[in-house]
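So the structure is just underneath, and the comments pick up after that.
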Amino acid sequence: MRKILLALLGLTFCMQSYGQGTFSTAENLTEGNLVSGTVTDNNNGPTNIPFHYYKTLLSGKGIIRIITEINNTSITSAGDVIIRVFFKDQVVWVSKQVTVAASASVIDTFAVTGVEQDSIYILFENYGNVSGGPFNYTTHYNMLNVFPNNETEPNNFHVQAQPLQQGVVLNGHISYKNYNYYLDEYDYFQLILPDNGTADLYYSWTNLSIGTGFNIPAPTVYARGKDSTSYIQLAHSSSPHSDNLTIANNVNTPLATAILDTMHIYGRAKDTIYIHMRNYFSGWGIGYCGAYSLRLEMSDIPVVNEINPNDDLAHAQTITSLDTVKGIIGYLDGVNGMDQDDYYKMATPPGDSVRIYITAINKYRYEPISVNPQVYAYDKNGNALTVFSASGASAISGQLIANIWQQPYDVPVADIMTITNITTDSVYIRISNINAAFMYQFNKTTLTGIDDVSADDAMNIYPNPATDRISISFNVPVKDITEVNLYSLQGKKIAALNFEKQSINSILPLQLPKLDDGVYFISVKTQSGNELQKKIVILNNK
């Protein structure tokens, strides 16, 4: 059967045209199409055919696999055929020499990688051995590991950066060569952050380089601010944070094996940043090619209703006792500017006090713990007021939330903070952080007729200490009670207490839930937005 096949091939060779000996007369070759030819040296065969050129347009970027069966028709001597691949400007890219014994056949697979989708030439050349050949061959090629590519070239500098929106998958190739021998070493992307929070970068990387003979590192990822020069910290699970990280921290990527990674950029405000990928390892002095995909998603996105700018007294956001304020502080913009102060203005009848219930969550993962936000208070003339924490700490120069200096990442801290002795018709609250990104939330109540933290003059609770039941009496007019709540000292709501709705100027009986021994707050709120609050000690409740 093999002799019949070779005979048929031989017939084909005798019938073919021998005009493909130059670049200008190269025969067209398409992917997957089987072609046949003959190359001879100067002393064999009726016609000297030392070269046979093919021209083809690659259908994609990947590994070109040229599969060839070469038959040496000499009955006495071995010989050599060289397979060469050229760029379209006719400069050789890579070549391989194949030796074939006398009266023998060799099936060879020649794999080439890392070229742009473009026109190339493939040459079969007789090596010129006087006693070798002629060589009959059949050949075809196909593309292996072809990955999708929707990157827009050139994207080699930040001014050429390709925009990437949230949720869009961008597929690209890096370190591929074109006919000018240019190695695509850099790819830049402009990430448009649609919201505040954590930017999550999902990567897949596949090594497609076979020319080095060994495994290669994954590309390095850099992050920049919108000024393109300031560094932004990256983090992923396999290494500490840095301004540049290797994908998956991988230094030994096998051929055609995909590796995955998620990189994070924490505490970023809605803005534009740049991602810069570099794929070149100078230690070996080589470039290497591969395919990647990149997707941007946002996580930890807070529901924010603060109105910016609110960075000073003049731009303070006006809120009422019915508002729940959700904001962020200490987030970075694209040139590393930090939102350090948020101001809020509240109306207060002269002589009243204000209490705010506040929580904050550290979103700055680059440090194990970060300094909490501080709360400041001012009257409308800019005079500093004393801020009391639920822990009993107080300061006129700003009070740390819960009087805690530092807070671990993603762990909330809560407090009930009170401002007393407000002699003007408004008060300003300033939330400040110069160290790290925090989300915060608070709401406020006006403590009618109360000039101290404990509200002893307005409300009585007995017995105190209590066990399972308490009664409340009021020393000021109170009506239209909307809720009675039990809070921990840290401001956490423990339970809503049931009561019989009525116009109250007398005694309010309440049943307590099962609780650990300790100190708690009882809070009585009215429809007008006022609140009365007092400490209670609970013992032997369980």
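Residues are named by chain letter and number: chains run A, B, ... in the order of the structure tokens, numbers start at 1 in each chain, and ligands are numbered from 1 in the order shown.
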
**Prompt:** Residues at most 8 Å from range 110-120 of chain A, counting only C-alpha atoms, excluding those fewer than 2 positions away in the same chain, as a VMD selection string?
**Reply:** chain A and resid 55 to 67 85 to 88 94 96 108 122 175 to 178 208 to 211 288 to 290

For those residues, write N, CA, C and O atoms to a file as a short mmCIF file (atom, residue, chain, number, x, y, z; two decimals), in the first residue's frame.
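Here's the written file out_34.cif:
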data_model
loop_
_atom_site.label_atom_id
_atom_site.label_comp_id
_atom_site.auth_asym_id
_atom_site.auth_seq_id
_atom_site.Cartn_x
_atom_site.Cartn_y
_atom_site.Cartn_z
N LYS A 55 3.42 30.30 0.30
CA LYS A 55 2.97 31.51 0.98
C LYS A 55 1.60 31.23 1.61
O LYS A 55 0.72 30.66 0.96
N THR A 56 1.45 31.63 2.87
CA THR A 56 0.18 31.36 3.54
C THR A 56 -0.19 32.50 4.47
O THR A 56 0.68 33.23 4.95
N LEU A 57 -1.46 32.65 4.71
CA LEU A 57 -1.98 33.64 5.65
C LEU A 57 -2.46 32.88 6.88
O LEU A 57 -3.40 32.09 6.81
N LEU A 58 -1.81 33.13 8.03
CA LEU A 58 -2.18 32.42 9.26
C LEU A 58 -3.58 32.83 9.70
O LEU A 58 -3.92 34.01 9.68
N SER A 59 -4.34 31.85 10.11
CA SER A 59 -5.73 32.10 10.50
C SER A 59 -5.86 32.62 11.92
O SER A 59 -6.90 33.10 12.32
N GLY A 60 -4.80 32.51 12.71
CA GLY A 60 -4.88 32.95 14.09
C GLY A 60 -3.50 33.07 14.69
O GLY A 60 -2.48 32.93 14.01
N LYS A 61 -3.47 33.34 16.01
CA LYS A 61 -2.21 33.38 16.74
C LYS A 61 -2.14 32.12 17.57
O LYS A 61 -3.04 31.81 18.32
N GLY A 62 -1.05 31.41 17.47
CA GLY A 62 -0.92 30.17 18.21
C GLY A 62 0.35 29.44 17.80
O GLY A 62 1.34 30.06 17.41
N ILE A 63 0.32 28.14 17.88
CA ILE A 63 1.45 27.31 17.49
C ILE A 63 1.18 26.77 16.09
O ILE A 63 0.16 26.13 15.85
N ILE A 64 2.11 27.03 15.17
CA ILE A 64 2.00 26.51 13.81
C ILE A 64 2.64 25.13 13.79
O ILE A 64 3.84 24.98 14.09
N ARG A 65 1.90 24.11 13.44
CA ARG A 65 2.45 22.75 13.39
C ARG A 65 2.51 22.30 11.93
O ARG A 65 1.48 22.11 11.29
N ILE A 66 3.74 22.18 11.42
CA ILE A 66 3.98 21.77 10.04
C ILE A 66 4.31 20.27 10.06
O ILE A 66 5.32 19.85 10.62
N ILE A 67 3.44 19.48 9.45
CA ILE A 67 3.60 18.02 9.45
C ILE A 67 4.00 17.60 8.04
O ILE A 67 3.28 17.86 7.07
N VAL A 85 10.91 28.91 7.94
CA VAL A 85 9.75 29.78 8.02
C VAL A 85 10.24 31.22 8.00
O VAL A 85 11.15 31.60 8.76
N PHE A 86 9.65 32.04 7.12
CA PHE A 86 10.05 33.44 6.93
C PHE A 86 8.91 34.37 7.33
O PHE A 86 7.73 34.05 7.15
N PHE A 87 9.30 35.55 7.83
CA PHE A 87 8.33 36.62 7.93
C PHE A 87 7.94 37.09 6.53
O PHE A 87 8.62 36.78 5.55
N LYS A 88 6.90 37.90 6.44
CA LYS A 88 6.43 38.28 5.12
C LYS A 88 7.39 39.23 4.40
O LYS A 88 7.25 39.42 3.19
N VAL A 94 12.69 31.13 11.61
CA VAL A 94 13.20 29.95 12.30
C VAL A 94 13.32 28.83 11.27
O VAL A 94 12.65 28.85 10.23
N LYS A 96 14.54 24.37 10.54
CA LYS A 96 14.81 23.05 11.09
C LYS A 96 15.39 22.16 10.01
O LYS A 96 14.88 22.12 8.88
N ASP A 108 7.97 14.15 9.95
CA ASP A 108 8.48 15.15 10.90
C ASP A 108 7.38 16.15 11.24
O ASP A 108 6.60 16.54 10.38
N ILE A 122 6.80 29.49 3.89
CA ILE A 122 7.38 28.22 4.32
C ILE A 122 8.19 27.66 3.15
O ILE A 122 7.68 27.55 2.03
N SER A 175 3.85 39.10 23.70
CA SER A 175 5.17 38.62 23.25
C SER A 175 5.10 37.85 21.94
O SER A 175 5.93 37.00 21.66
N TYR A 176 4.11 38.15 21.10
CA TYR A 176 4.11 37.63 19.74
C TYR A 176 4.96 38.54 18.86
O TYR A 176 5.06 39.73 19.09
N LYS A 177 5.54 37.95 17.80
CA LYS A 177 6.41 38.71 16.89
C LYS A 177 5.65 39.04 15.62
O LYS A 177 4.81 38.29 15.16
N ASN A 178 6.02 40.20 15.04
CA ASN A 178 5.51 40.49 13.71
C ASN A 178 6.69 40.51 12.73
O ASN A 178 7.82 40.21 13.09
N LEU A 208 2.40 29.66 25.60
CA LEU A 208 2.38 29.10 24.26
C LEU A 208 3.77 29.08 23.65
O LEU A 208 3.92 28.92 22.43
N SER A 209 4.81 29.23 24.45
CA SER A 209 6.18 29.29 23.93
C SER A 209 6.82 27.92 24.00
O SER A 209 6.95 27.33 25.07
N ILE A 210 7.23 27.40 22.84
CA ILE A 210 7.91 26.10 22.80
C ILE A 210 9.36 26.22 22.37
O ILE A 210 10.11 25.26 22.40
N GLY A 211 9.78 27.42 22.01
CA GLY A 211 11.12 27.57 21.48
C GLY A 211 12.22 27.48 22.52
O GLY A 211 13.37 27.24 22.20
N TYR A 288 8.91 35.50 25.43
CA TYR A 288 8.11 34.29 25.32
C TYR A 288 6.67 34.68 25.13
O TYR A 288 6.23 35.75 25.57
N CYS A 289 5.92 33.84 24.46
CA CYS A 289 4.58 34.22 24.04
C CYS A 289 3.52 33.45 24.83
O CYS A 289 3.77 32.37 25.35
N GLY A 290 2.35 34.04 24.90
CA GLY A 290 1.26 33.40 25.59
C GLY A 290 -0.05 34.12 25.34
O GLY A 290 -0.09 35.18 24.70
#

Dump as a Markdown table the rows for residues of range 365-387 of chain A within 12 Å of range 301-316 of chain A: closest atom pair and distance in Å with one decimal, only C-alpha atoms counted, ordered by chain and rising residue number.
| residue | atom | partner | partner_atom | distance |
| --- | --- | --- | --- | --- |
| A:Tyr376 | CA | A:Leu313 | CA | 11.8 |
| A:Ala377 | CA | A:Leu313 | CA | 10.8 |
| A:Tyr378 | CA | A:Leu313 | CA | 9.2 |
| A:Asp379 | CA | A:Leu313 | CA | 10.3 |
| A:Lys380 | CA | A:Leu313 | CA | 8.8 |
| A:Asn381 | CA | A:Leu313 | CA | 9.9 |
| A:Gly382 | CA | A:Leu313 | CA | 8.0 |
| A:Asn383 | CA | A:Leu313 | CA | 11.4 |

Any chance you can output those residues with N, CA and C atoms as a compact mmCIF listing (two decimals), in the first residue's frame?
# COMPACT_ATOMS: atom_id res chain seq x y z
N TYR A 376 -15.54 64.11 65.04
CA TYR A 376 -15.40 65.45 65.63
C TYR A 376 -16.77 66.12 65.59
N ALA A 377 -16.97 67.13 66.45
CA ALA A 377 -18.20 67.92 66.45
C ALA A 377 -17.87 69.39 66.61
N TYR A 378 -18.68 70.26 65.93
CA TYR A 378 -18.49 71.71 65.98
C TYR A 378 -19.87 72.36 66.03
N ASP A 379 -19.94 73.51 66.70
CA ASP A 379 -21.16 74.29 66.59
C ASP A 379 -21.10 75.10 65.29
N LYS A 380 -22.16 75.88 65.02
CA LYS A 380 -22.21 76.56 63.73
C LYS A 380 -21.16 77.65 63.60
N ASN A 381 -20.53 78.05 64.70
CA ASN A 381 -19.46 79.04 64.65
C ASN A 381 -18.09 78.40 64.51
N GLY A 382 -18.07 77.07 64.37
CA GLY A 382 -16.80 76.38 64.20
C GLY A 382 -16.10 76.02 65.48
N ASN A 383 -16.75 76.24 66.62
CA ASN A 383 -16.15 75.89 67.90
C ASN A 383 -16.24 74.38 68.14

**Message:** Which residue is closest to Asp342 in chain A? Choose from A:Gln374, A:Asn149, A:Thr40, A:Asn403 and count only C-alpha atoms.
**Reply:**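 Among the listed residues, A:Gln374 lies closest to Asp342 in chain A.
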
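The space between CA of Leu539 in chain A and CA of Ser471 in chain A spans 15.7 Å.
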
**Request:** Enumerate as a ChimeraX atom specification all residues of range 339-526 of chain A assigned to strand (DSSP E or B) by DSSP on the backbone, naming them with the chain letters and numbers the document uses.
**Result:** /A:341-347,353-362,369-371,374-379,384-385,387-388,394-395,399-400,406-408,412-419,426-432,438-447,459-462,466,469-474,481-488,493-497,507-511,518-526

**Item:** Contacts of Gly330 in chain A at 8 Å (only C-alpha atoms; same-chain gap of 4+ positions) as a VMD selection string
**Value:** chain A and resid 267 338 to 341 432 to 438

**Request:** Per DSSP on the backbone, filter range 11-153 of chain A down to the residues in alpha helix (DSSP H) and report them as number ranges by chain.
**Result:** A: 11-15

**Request:** Write out as a PyMOL selection string which residues come within 6 Å of Leu191 in chain A when counting only C-alpha atoms, dropping same-chain ones fewer than 3 positions away.
**Result:** chain A and resi 164+272-274

**Prompt:** Can you tell me, as a count of residues only, what residues are no more than 7 Å from Ala347 in chain A when counting only C-alpha atoms, ignoring any on the same chain fewer than 5 positions away?
**Reply:** 3

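Ranking A:Leu508, A:Val476, A:Ala495, A:Met277 by their shortest atom-to-atom distance to Ile174 in chain A, with only C-alpha atoms included, puts A:Met277 first.
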
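When CA of His241 in chain A is paired with CA of Asn171 in chain A, their separation reads 25.2 Å.
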
**Request:** For range 389-400 of chain A, list every protein, DNA or RNA residue within 12 Å, evaluated using only C-alpha atoms, and leave out those in the same chain fewer than 5 positions away; present the list as a PyMOL selection string.
**Result:** chain A and resi 355-360+371-378+383-384+405-407+413-420+429-433+453-454+487-492+519-521+533-535

**Message:** Could you check the closest approach to Ser321 in chain A for each of A:Phe442, A:Trp93, A:Phe135, A:Phe388 and tell me which residue wins, using only C-alpha atoms?
**Reply:**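 That would be A:Phe442, the residue with the smallest distance to Ser321 in chain A.
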
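Distances to Asp227 in chain A were evaluated for A:Met459, A:Val159, A:Leu183, A:Leu201 using only C-alpha atoms, and the minimum falls at A:Val159.
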